[in-house]
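Asks: What follows is my_file36.cif; its format and atoms are mmCIF, C-alpha atoms.
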data_protein
loop_
_atom_site.group_PDB
_atom_site.id
_atom_site.type_symbol
_atom_site.label_atom_id
_atom_site.label_comp_id
_atom_site.auth_asym_id
_atom_site.auth_seq_id
_atom_site.Cartn_x
_atom_site.Cartn_y
_atom_site.Cartn_z
ATOM 1 C CA MET A 1 132.765 86.739 28.590
ATOM 2 C CA THR A 2 136.261 87.515 29.762
ATOM 3 C CA GLU A 3 135.935 90.855 31.511
ATOM 4 C CA LEU A 4 135.641 90.570 35.273
ATOM 5 C CA GLY A 5 134.970 94.236 35.861
ATOM 6 C CA PRO A 6 137.105 96.650 37.895
ATOM 7 C CA VAL A 7 139.837 94.077 38.547
ATOM 8 C CA ALA A 8 143.550 94.660 38.033
ATOM 9 C CA TRP A 9 144.890 91.853 35.854
ATOM 10 C CA PRO A 10 147.077 89.938 36.163
ATOM 11 C CA PRO A 11 147.295 89.587 39.911
ATOM 12 C CA ALA A 12 150.523 88.499 41.537
ATOM 13 C CA PRO A 13 150.824 84.709 41.466
ATOM 14 C CA ILE A 14 148.720 83.108 44.179
ATOM 15 C CA ARG A 15 150.629 80.584 46.265
ATOM 16 C CA THR A 16 149.019 77.800 48.248
ATOM 17 C CA GLU A 17 150.632 75.016 50.249
ATOM 18 C CA ARG A 18 151.440 73.018 47.085
ATOM 19 C CA LEU A 19 150.394 75.110 44.094
ATOM 20 C CA VAL A 20 150.870 78.391 42.281
ATOM 21 C CA LEU A 21 147.996 80.021 40.382
ATOM 22 C CA ARG A 22 149.444 82.243 37.662
ATOM 23 C CA GLU A 23 148.966 83.569 34.156
ATOM 24 C CA PRO A 24 149.627 81.160 31.274
ATOM 25 C CA GLU A 25 153.107 81.082 29.759
ATOM 26 C CA ALA A 26 154.513 79.693 26.506
ATOM 27 C CA ARG A 27 155.810 76.627 28.394
ATOM 28 C CA ASP A 28 152.193 75.629 29.189
ATOM 29 C CA ARG A 29 151.193 75.106 25.541
ATOM 30 C CA ALA A 30 151.668 71.310 25.468
ATOM 31 C CA ALA A 31 149.709 70.876 28.716
ATOM 32 C CA VAL A 32 146.901 73.135 27.427
ATOM 33 C CA ILE A 33 146.658 71.002 24.293
ATOM 34 C CA GLU A 34 146.634 67.806 26.375
ATOM 35 C CA LEU A 35 143.964 69.223 28.698
ATOM 36 C CA PHE A 36 141.538 70.242 25.956
ATOM 37 C CA THR A 37 142.054 67.121 23.811
ATOM 38 C CA SER A 38 141.866 64.585 26.664
ATOM 39 C CA THR A 39 139.026 62.094 26.346
ATOM 40 C CA GLU A 40 138.723 61.846 30.145
ATOM 41 C CA VAL A 41 138.635 65.611 30.655
ATOM 42 C CA GLY A 42 136.132 66.052 27.830
ATOM 43 C CA THR A 43 133.645 63.510 29.198
ATOM 44 C CA TYR A 44 131.339 66.080 30.819
ATOM 45 C CA ILE A 45 132.069 69.148 28.704
ATOM 46 C CA GLY A 46 130.938 68.035 25.271
ATOM 47 C CA GLY A 47 133.878 65.792 24.420
ATOM 48 C CA PRO A 48 137.506 66.464 23.636
ATOM 49 C CA ARG A 49 138.612 68.896 20.962
ATOM 50 C CA GLN A 50 140.232 67.480 17.830
ATOM 51 C CA ARG A 51 143.962 67.440 18.577
ATOM 52 C CA ASP A 52 145.282 68.535 15.164
ATOM 53 C CA GLU A 53 142.786 71.406 14.895
ATOM 54 C CA PHE A 54 143.393 72.509 18.470
ATOM 55 C CA GLU A 55 147.183 72.439 18.043
ATOM 56 C CA ARG A 56 146.833 74.785 15.061
ATOM 57 C CA ALA A 57 144.503 77.082 17.006
ATOM 58 C CA VAL A 58 146.582 77.454 20.183
ATOM 59 C CA PRO A 59 149.116 80.261 19.798
ATOM 60 C CA GLU A 60 152.762 79.719 20.694
ATOM 61 C CA GLU A 61 152.555 82.675 23.092
ATOM 62 C CA PRO A 62 149.405 82.780 25.233
ATOM 63 C CA ARG A 63 147.168 85.808 25.130
ATOM 64 C CA ARG A 64 146.280 87.604 28.335
ATOM 65 C CA ARG A 65 142.844 86.478 29.471
ATOM 66 C CA PRO A 66 141.484 88.048 32.661
ATOM 67 C CA GLY A 67 140.101 85.387 34.963
ATOM 68 C CA LEU A 68 142.248 82.497 33.679
ATOM 69 C CA PHE A 69 144.652 80.974 36.175
ATOM 70 C CA VAL A 70 147.076 78.203 35.267
ATOM 71 C CA VAL A 71 147.457 75.792 38.164
ATOM 72 C CA ASP A 72 151.158 75.014 38.544
ATOM 73 C CA LEU A 73 152.616 72.154 40.588
ATOM 74 C CA ASP A 74 156.399 72.193 40.908
ATOM 75 C CA GLY A 75 156.788 74.271 37.725
ATOM 76 C CA THR A 76 154.376 72.215 35.614
ATOM 77 C CA MET A 77 150.830 73.087 34.570
ATOM 78 C CA ILE A 78 148.316 70.536 35.901
ATOM 79 C CA GLY A 79 145.090 72.398 35.183
ATOM 80 C CA ILE A 80 143.254 75.680 34.929
ATOM 81 C CA VAL A 81 140.796 77.598 37.070
ATOM 82 C CA THR A 82 138.652 80.299 35.500
ATOM 83 C CA LEU A 83 136.522 83.117 36.798
ATOM 84 C CA ASP A 84 134.376 84.471 33.977
ATOM 85 C CA ARG A 85 131.189 86.492 33.694
ATOM 86 C CA ARG A 86 128.096 84.382 33.048
ATOM 87 C CA ASP A 87 126.246 85.644 29.982
ATOM 88 C CA PRO A 88 123.322 87.774 31.223
ATOM 89 C CA LYS A 89 121.181 86.168 28.493
ATOM 90 C CA HIS A 90 121.731 82.676 29.928
ATOM 91 C CA PRO A 91 118.376 81.450 31.259
ATOM 92 C CA VAL A 92 119.778 80.366 34.646
ATOM 93 C CA HIS A 93 121.040 82.967 37.140
ATOM 94 C CA VAL A 94 120.956 83.770 40.826
ATOM 95 C CA CYS A 95 119.825 87.272 39.832
ATOM 96 C CA PRO A 96 118.264 87.175 36.332
ATOM 97 C CA GLY A 97 119.677 89.641 33.829
ATOM 98 C CA THR A 98 123.011 89.942 35.624
ATOM 99 C CA SER A 99 126.412 88.539 34.795
ATOM 100 C CA GLU A 100 127.603 86.801 37.941
ATOM 101 C CA ALA A 101 131.172 85.632 38.279
ATOM 102 C CA GLU A 102 131.298 81.946 37.324
ATOM 103 C CA LEU A 103 133.943 79.493 38.516
ATOM 104 C CA GLY A 104 135.247 76.858 36.128
ATOM 105 C CA TYR A 105 138.021 74.286 36.430
ATOM 106 C CA MET A 106 139.716 71.604 34.378
ATOM 107 C CA PHE A 107 142.592 69.389 35.483
ATOM 108 C CA LEU A 108 144.716 66.818 33.704
ATOM 109 C CA PRO A 109 143.698 63.249 34.669
ATOM 110 C CA GLN A 110 147.025 62.562 36.380
ATOM 111 C CA ALA A 111 146.206 65.419 38.799
ATOM 112 C CA TRP A 112 142.833 63.962 39.822
ATOM 113 C CA GLY A 113 142.334 62.569 43.302
ATOM 114 C CA HIS A 114 145.056 64.582 45.065
ATOM 115 C CA GLY A 115 143.000 67.551 46.295
ATOM 116 C CA TYR A 116 144.628 69.968 43.844
ATOM 117 C CA ALA A 117 141.318 71.177 42.414
ATOM 118 C CA ALA A 118 139.927 71.989 45.860
ATOM 119 C CA GLU A 119 143.151 73.767 46.840
ATOM 120 C CA ALA A 120 143.300 75.786 43.621
ATOM 121 C CA CYS A 121 139.600 76.692 43.565
ATOM 122 C CA THR A 122 139.695 77.745 47.229
ATOM 123 C CA ALA A 123 142.627 80.045 46.418
ATOM 124 C CA ALA A 124 140.828 81.482 43.367
ATOM 125 C CA LEU A 125 137.666 82.088 45.398
ATOM 126 C CA GLY A 126 139.761 83.784 48.086
ATOM 127 C CA TRP A 127 141.268 86.045 45.434
ATOM 128 C CA CYS A 128 137.783 86.760 44.060
ATOM 129 C CA THR A 129 136.593 87.777 47.534
ATOM 130 C CA GLY A 130 139.204 90.535 47.591
ATOM 131 C CA ALA A 131 138.868 91.508 43.925
ATOM 132 C CA LEU A 132 135.057 91.514 43.794
ATOM 133 C CA PRO A 133 133.969 92.087 47.416
ATOM 134 C CA GLY A 134 130.578 90.710 48.362
ATOM 135 C CA GLU A 135 129.885 89.298 44.917
ATOM 136 C CA PRO A 136 128.407 85.808 44.717
ATOM 137 C CA VAL A 137 130.062 83.233 42.459
ATOM 138 C CA VAL A 138 128.120 80.619 40.497
ATOM 139 C CA LEU A 139 129.088 77.210 39.177
ATOM 140 C CA THR A 140 127.491 74.783 36.735
ATOM 141 C CA THR A 141 128.366 71.121 36.346
ATOM 142 C CA GLN A 142 126.659 68.026 35.015
ATOM 143 C CA THR A 143 124.997 66.033 37.768
ATOM 144 C CA ALA A 144 126.611 62.917 36.249
ATOM 145 C CA ASN A 145 130.058 64.355 37.014
ATOM 146 C CA GLU A 146 130.371 62.970 40.539
ATOM 147 C CA ARG A 147 133.871 64.382 41.124
ATOM 148 C CA SER A 148 132.759 67.881 40.194
ATOM 149 C CA MET A 149 129.629 67.587 42.319
ATOM 150 C CA ARG A 150 131.746 66.581 45.347
ATOM 151 C CA LEU A 151 134.139 69.465 44.690
ATOM 152 C CA ALA A 152 131.270 71.983 44.482
ATOM 153 C CA ALA A 153 129.984 70.771 47.863
ATOM 154 C CA LYS A 154 133.466 70.831 49.402
ATOM 155 C CA LEU A 155 133.962 74.417 48.206
ATOM 156 C CA GLY A 156 130.692 75.485 49.831
ATOM 157 C CA PHE A 157 128.486 75.921 46.771
ATOM 158 C CA THR A 158 124.779 75.423 47.419
ATOM 159 C CA GLU A 159 122.290 74.221 44.858
ATOM 160 C CA VAL A 160 120.029 76.796 43.258
ATOM 161 C CA GLN A 161 118.440 74.572 40.631
ATOM 162 C CA ARG A 162 118.881 71.759 38.152
ATOM 163 C CA TYR A 163 118.085 72.105 34.488
ATOM 164 C CA GLU A 164 118.611 70.394 31.142
ATOM 165 C CA ASP A 165 121.250 71.695 28.759
ATOM 166 C CA TRP A 166 123.655 70.124 26.273
ATOM 167 C CA GLY A 167 121.590 66.909 26.449
ATOM 168 C CA ALA A 168 122.253 66.358 30.166
ATOM 169 C CA GLU A 169 121.043 67.404 33.590
ATOM 170 C CA GLN A 170 123.039 70.373 34.887
ATOM 171 C CA TRP A 171 123.548 71.428 38.485
ATOM 172 C CA PHE A 172 123.653 75.183 39.165
ATOM 173 C CA GLY A 173 124.915 76.453 42.480
ATOM 174 C CA THR A 174 126.056 79.621 44.206
ATOM 175 C CA TRP A 175 128.795 80.529 46.633
ATOM 176 C CA SER A 176 129.264 83.618 48.745
ATOM 177 C CA PRO A 177 132.376 84.902 50.497
ATOM 178 C CA ALA A 178 130.934 83.746 53.817
ATOM 179 C CA SER A 179 131.493 80.171 52.586
ATOM 180 C CA LEU A 180 135.258 80.602 53.082
ATOM 181 C CA SER A 181 134.877 81.002 56.802
ATOM 182 C CA ASP A 182 132.590 77.992 57.236
#
Starting from the file, give its structure as structure tokens.
Replies:
Amino acid sequence: MTELGPVAWPPAPIRTERLVLREPEARDRAAVIELFTSTEVGTYIGGPRQRDEFERAVPEEPRRRPGLFVVDLDGTMIGIVTLDRRDPKHPVHVCPGTSEAELGYMFLPQAWGHGYAAEACTAALGWCTGALPGEPVVLTTQTANERSMRLAAKLGFTEVQRYEDWGAEQWFGTWSPASLSD
């Protein structure tokens, strides 16, 4: 789902100490293709997309997609952070039958290990606190994805449950705006 609710989109670019979170631009196309076709990135999300098919599918000019932030370092896309609505029919929720905001993130391998994901996700969660006051945010990651598990803990997500999906154990956690002040 791409609708966040009563949120003005796009927001002004969000600036952190090192990064800018912004809407996608045509200049990001090559990095988007690299991100979604990377073997390393695809390890815990069902594998990489086929490069030739994905190149044909990605438009030259990006479409507006509420909740999608490009993470920009010195004018170059290094990843994405998303805030989407979790499908209310999904079997795992904090409040069953609702569509909580769900945080997602993907970064190019060369950006790993520098704290960019934590910085970008913290900024996106801060934006979400203002845009959707009081609303909890959820996150799902494979338990085998140690980097993502560490990031979820660093961001202040707390475990709600573990479950099997996509042939692997998944970790489901929640975050509330109070986590930013901790």
Asks: Using only C-alpha atoms, which residues sit within 8 Å of Trp9 in chain A once same-chain residues fewer than 2 positions away are excluded, as an MDAnalysis selection string?
Replies: chainID A and resid 7 11 66
Asks: With 5 Å on each side, where is the centre of the axis-aligned box around all listed atoms of range 133-142 of chain A, and how long are its edges in Å to one decimal, as AutoDock Vina command-line options?
Replies:
--center_x 130.3 --center_y 80.1 --center_z 41.7 --size_x 17.3 --size_y 34.1 --size_z 23.3
Asks: Can you turn the PyMOL selection byres ((chain A and resi 91-99) around 12) into a concrete residue list for this file, as a PyMOL selection string?
Replies: chain A and resi 1-5+83-90+100-102+135-140+158-165+170-176
Asks: Go ahead and write the residues just picked, C-alpha atoms, as a short mmCIF file (atom, residue, chain, number, x, y, z; two decimals), keeping the file's coordinate frame.
Replies:
data_model
loop_
_atom_site.label_atom_id
_atom_site.label_comp_id
_atom_site.auth_asym_id
_atom_site.auth_seq_id
_atom_site.Cartn_x
_atom_site.Cartn_y
_atom_site.Cartn_z
CA MET A 1 132.76 86.74 28.59
CA THR A 2 136.26 87.52 29.76
CA GLU A 3 135.94 90.86 31.51
CA LEU A 4 135.64 90.57 35.27
CA GLY A 5 134.97 94.24 35.86
CA LEU A 83 136.52 83.12 36.80
CA ASP A 84 134.38 84.47 33.98
CA ARG A 85 131.19 86.49 33.69
CA ARG A 86 128.10 84.38 33.05
CA ASP A 87 126.25 85.64 29.98
CA PRO A 88 123.32 87.77 31.22
CA LYS A 89 121.18 86.17 28.49
CA HIS A 90 121.73 82.68 29.93
CA GLU A 100 127.60 86.80 37.94
CA ALA A 101 131.17 85.63 38.28
CA GLU A 102 131.30 81.95 37.32
CA GLU A 135 129.88 89.30 44.92
CA PRO A 136 128.41 85.81 44.72
CA VAL A 137 130.06 83.23 42.46
CA VAL A 138 128.12 80.62 40.50
CA LEU A 139 129.09 77.21 39.18
CA THR A 140 127.49 74.78 36.74
CA THR A 158 124.78 75.42 47.42
CA GLU A 159 122.29 74.22 44.86
CA VAL A 160 120.03 76.80 43.26
CA GLN A 161 118.44 74.57 40.63
CA ARG A 162 118.88 71.76 38.15
CA TYR A 163 118.08 72.10 34.49
CA GLU A 164 118.61 70.39 31.14
CA ASP A 165 121.25 71.69 28.76
CA GLN A 170 123.04 70.37 34.89
CA TRP A 171 123.55 71.43 38.48
CA PHE A 172 123.65 75.18 39.16
CA GLY A 173 124.92 76.45 42.48
CA THR A 174 126.06 79.62 44.21
CA TRP A 175 128.79 80.53 46.63
CA SER A 176 129.26 83.62 48.74
#
Asks: Neighbouring residues of Asn145 in chain A were defined as those with any atom within 12 Å, considering only C-alpha atoms; residues of the same chain fewer than 3 positions away were excluded. Please report them as a PyMOL selection string.
Replies: chain A and resi 40-45+140-142+148-152+168-171
Asks: Measure the distance from CA of Glu55 in chain A to CA of Ser38 in chain A in Å and round it to one decimal.
Replies: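 A separation of 12.8 Å between them.
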Asks: Between A:Val71, A:Arg63, A:Leu108, A:Val20, which is the closest to Leu35 in chain A once you count all atoms listed in the file?
Replies: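 Closest to Leu35 in chain A, using all atoms listed in the file: A:Leu108.
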Asks: Could you tell me which residues the PyMOL selection byres ((chain A and resi 109-114) around 10) grabs in this file, written as a tab-separated table (two decimals) with C-alpha atoms, in the coordinates of the input?
Replies:
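Okay, out.tsv is ready:
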chain	number	residue	atom	x	y	z
A	34	GLU	CA	146.63	67.81	26.38
A	35	LEU	CA	143.96	69.22	28.70
A	38	SER	CA	141.87	64.58	26.66
A	39	THR	CA	139.03	62.09	26.35
A	40	GLU	CA	138.72	61.85	30.14
A	41	VAL	CA	138.64	65.61	30.66
A	73	LEU	CA	152.62	72.15	40.59
A	77	MET	CA	150.83	73.09	34.57
A	78	ILE	CA	148.32	70.54	35.90
A	79	GLY	CA	145.09	72.40	35.18
A	106	MET	CA	139.72	71.60	34.38
A	107	PHE	CA	142.59	69.39	35.48
A	108	LEU	CA	144.72	66.82	33.70
A	115	GLY	CA	143.00	67.55	46.30
A	116	TYR	CA	144.63	69.97	43.84
A	117	ALA	CA	141.32	71.18	42.41
A	118	ALA	CA	139.93	71.99	45.86
A	119	GLU	CA	143.15	73.77	46.84
A	147	ARG	CA	133.87	64.38	41.12
Asks: Anything within 12 Å of (148.1, 70.7, 24.0): list those residues as a PDB file with C-alpha atoms, keeping the file's coordinate frame, counting all atoms listed in the file and sticking to the file's coordinates.
Replies:
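Saved as result_32.pdb:
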ATOM      1  CA  ALA A  26     154.513  79.693  26.506  1.00  0.00           C
ATOM      2  CA  ARG A  27     155.810  76.627  28.394  1.00  0.00           C
ATOM      3  CA  ASP A  28     152.193  75.629  29.189  1.00  0.00           C
ATOM      4  CA  ARG A  29     151.193  75.106  25.541  1.00  0.00           C
ATOM      5  CA  ALA A  30     151.668  71.310  25.468  1.00  0.00           C
ATOM      6  CA  ALA A  31     149.709  70.876  28.716  1.00  0.00           C
ATOM      7  CA  VAL A  32     146.901  73.135  27.427  1.00  0.00           C
ATOM      8  CA  ILE A  33     146.658  71.002  24.293  1.00  0.00           C
ATOM      9  CA  GLU A  34     146.634  67.806  26.375  1.00  0.00           C
ATOM     10  CA  LEU A  35     143.964  69.223  28.698  1.00  0.00           C
ATOM     11  CA  PHE A  36     141.538  70.242  25.956  1.00  0.00           C
ATOM     12  CA  THR A  37     142.054  67.121  23.811  1.00  0.00           C
ATOM     13  CA  SER A  38     141.866  64.585  26.664  1.00  0.00           C
ATOM     14  CA  PRO A  48     137.506  66.464  23.636  1.00  0.00           C
ATOM     15  CA  ARG A  49     138.612  68.896  20.962  1.00  0.00           C
ATOM     16  CA  GLN A  50     140.232  67.480  17.830  1.00  0.00           C
ATOM     17  CA  ARG A  51     143.962  67.440  18.577  1.00  0.00           C
ATOM     18  CA  ASP A  52     145.282  68.535  15.164  1.00  0.00           C
ATOM     19  CA  GLU A  53     142.786  71.406  14.895  1.00  0.00           C
ATOM     20  CA  PHE A  54     143.393  72.509  18.470  1.00  0.00           C
ATOM     21  CA  GLU A  55     147.183  72.439  18.043  1.00  0.00           C
ATOM     22  CA  ARG A  56     146.833  74.785  15.061  1.00  0.00           C
ATOM     23  CA  ALA A  57     144.503  77.082  17.006  1.00  0.00           C
ATOM     24  CA  VAL A  58     146.582  77.454  20.183  1.00  0.00           C
ATOM     25  CA  PRO A  59     149.116  80.261  19.798  1.00  0.00           C
ATOM     26  CA  GLU A  60     152.762  79.719  20.694  1.00  0.00           C
ATOM     27  CA  MET A  77     150.830  73.087  34.570  1.00  0.00           C
ATOM     28  CA  ILE A  78     148.316  70.536  35.901  1.00  0.00           C
ATOM     29  CA  GLY A  79     145.090  72.398  35.183  1.00  0.00           C
ATOM     30  CA  LEU A 108     144.716  66.818  33.704  1.00  0.00           C
TER      31      LEU A 108
END
Asks: Give me, please, the distance in Å between CA of Glu61 in chain A and CA of Leu103 in chain A, quoted to one decimal.
Replies: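 Computing the Euclidean distance for CA of Glu61 in chain A and CA of Leu103 in chain A yields 24.4 Å.
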Asks: Which one of A:Ala144, A:Leu125, A:Ala120, A:Ile14 sits closest to Phe157 in chain A if you count only C-alpha atoms?
Replies: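 Once distances to Phe157 in chain A are computed over only C-alpha atoms, the minimum belongs to A:Leu125.
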Asks: Kindly give the distance, in Å, that separates CA of Pro177 in chain A and CA of Thr129 in chain A, rounded to a single decimal.
Replies: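 Computing the Euclidean distance for CA of Pro177 in chain A and CA of Thr129 in chain A yields 5.9 Å.
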Asks: Please determine, counting all atoms listed in the file, which residue among A:Pro13, A:Pro24, A:Gly46, A:Gly167 has the shortest atom-to-atom distance to Ala123 in chain A.
Replies: A:Pro13
Asks: From the set A:Pro62, A:Gly47, A:Gly67, A:Pro10, which residue has the shortest atom-to-atom contact distance to Cys128 in chain A, counting only C-alpha atoms?
Replies: A:Gly67
Asks: Choose the residue, out of A:Thr82, A:Arg65, A:Lys154, A:Gly134, that has the smallest atom-to-atom separation from Ala8 in chain A; count all atoms listed in the file.
Replies: A:Arg65
